[in-house]
Amino acid sequence: EVLPSETRRRVIVFMCTAESPSEDVVARVESHLSSRAGPTKKKKASEGDKLDAVTGIIQHAKSSVEEDLLAAIEEKSEVLANAIRDRLFTFEDIVKLSDVAMRRVMQEIDMGVLAIAMRNANAELKEKFFGNMSKRAAEGLKEEMEYAQKVRLTDVEAKQREIVNTVRALAGQGQISIGSQDEYV
């Protein structure tokens with residue numbers, strides 16, 4: 001919290017939305033730097049690089065600051081805010097949740113949604129879900145996954161996002177912890 005709130009908000013939005021400088025400006029700056037410090041390597045920041053940088057900043061902020069920064073980005077572009085949220089916590093990150101948090105999440109999600117979402121999940125993530133269910137529920141889910149019709153990858157990803165949104169909502173309400181925040185015992 002080195003910067004005042006409004007400045008933080010403007011900087012993070014600028015980082016997401018700023019256009020790359022013109023080739024002429026880059027060449028002039030590079031020429032100036034080369035004359036002082038020697039040759040430099042050229043690297044043009046892509047959209048993904050910018051979002052990775054912003055995501056890294058947000059991941060290391062306190063959760064109240066995180067929400068403030070995401071809200072500022074969302075005011076400018078909902079698409080950018082969602083892209084950053086997707087990078088902050090992914091379906092695969094669910095494996096990092098505590099068992100208590102997993103059981104809370106599973107109270108909120110439909111087993112049909114979970115059966116589709118787990119279609120292309122890795123073995124560790126599947127085991128995390130199955131390990132936090134009753135034996136009977138796990139067997140039923142495995143059976144549903146085994147005998148279900150083929151599903152488009154976009155549908156699987158949509159169901160995964162639905163579960164991730166549930167996780168985020170529970171975390172936002174303080175019901176579970178998804179980061180390096182304090183665990184309650």
# chains A, B, ... in the order shown; residues from 1 in each chain; ligands from 1
$ select_by_dssp --residues "chain A" --states "helix (DSSP H, G or I)" --output "PyMOL selection string"
chain A and resi 5-17+23-37+47-59+63-76+78-88+91-96+99-108+111-120+123-131+135-147+153-172
$ residues_around --residues "Met118 (chain A)" --least-positions-apart "5" --cutoff "9 Å" --atoms "only C-alpha atoms" --output "ChimeraX atom specification"
/A:113,125-126,145,156,159-160
$ atom_distance --atom1 "CA of Arg104 (chain A)" --atom2 "CA of Asn132 (chain A)"
9.8 Å
$ closest_residue --among "A:Ile116, A:Thr17, A:Ile94, A:Ala83" --to "Glu144 (chain A)" --atoms "only C-alpha atoms"
A:Ile116
$ closest_atom_pairs --of "region 40-156 of chain A" --to "region 11-14 of chain A" --cutoff "8 Å" --atoms "only C-alpha atoms" --output "tab-separated table"
residue	atom	partner	partner_atom	distance
A:Val54	CA	A:Ile12	CA	6.9
A:Leu69	CA	A:Ile12	CA	6.7
A:Ala72	CA	A:Val13	CA	6.6
A:Ile73	CA	A:Val13	CA	5.2
A:Lys76	CA	A:Val13	CA	7.3
$ write_last_selection --atoms "N, CA and C atoms" --output "compact mmCIF listing (two decimals), in the first residue's frame"
# COMPACT_ATOMS: atom_id res chain seq x y z
N VAL A 54 0.28 -7.73 -14.55
CA VAL A 54 -0.79 -7.21 -13.70
C VAL A 54 -1.26 -8.30 -12.74
N LEU A 69 -8.48 -3.19 -7.05
CA LEU A 69 -7.81 -3.12 -8.35
C LEU A 69 -8.64 -3.81 -9.43
N ALA A 72 -11.46 -1.60 -10.41
CA ALA A 72 -11.02 -0.50 -11.27
C ALA A 72 -10.83 -0.98 -12.71
N ILE A 73 -10.25 -2.16 -12.87
CA ILE A 73 -10.06 -2.71 -14.21
C ILE A 73 -11.41 -3.03 -14.83
N LYS A 76 -13.19 -0.23 -16.52
CA LYS A 76 -12.65 0.08 -17.84
C LYS A 76 -13.00 -1.01 -18.85
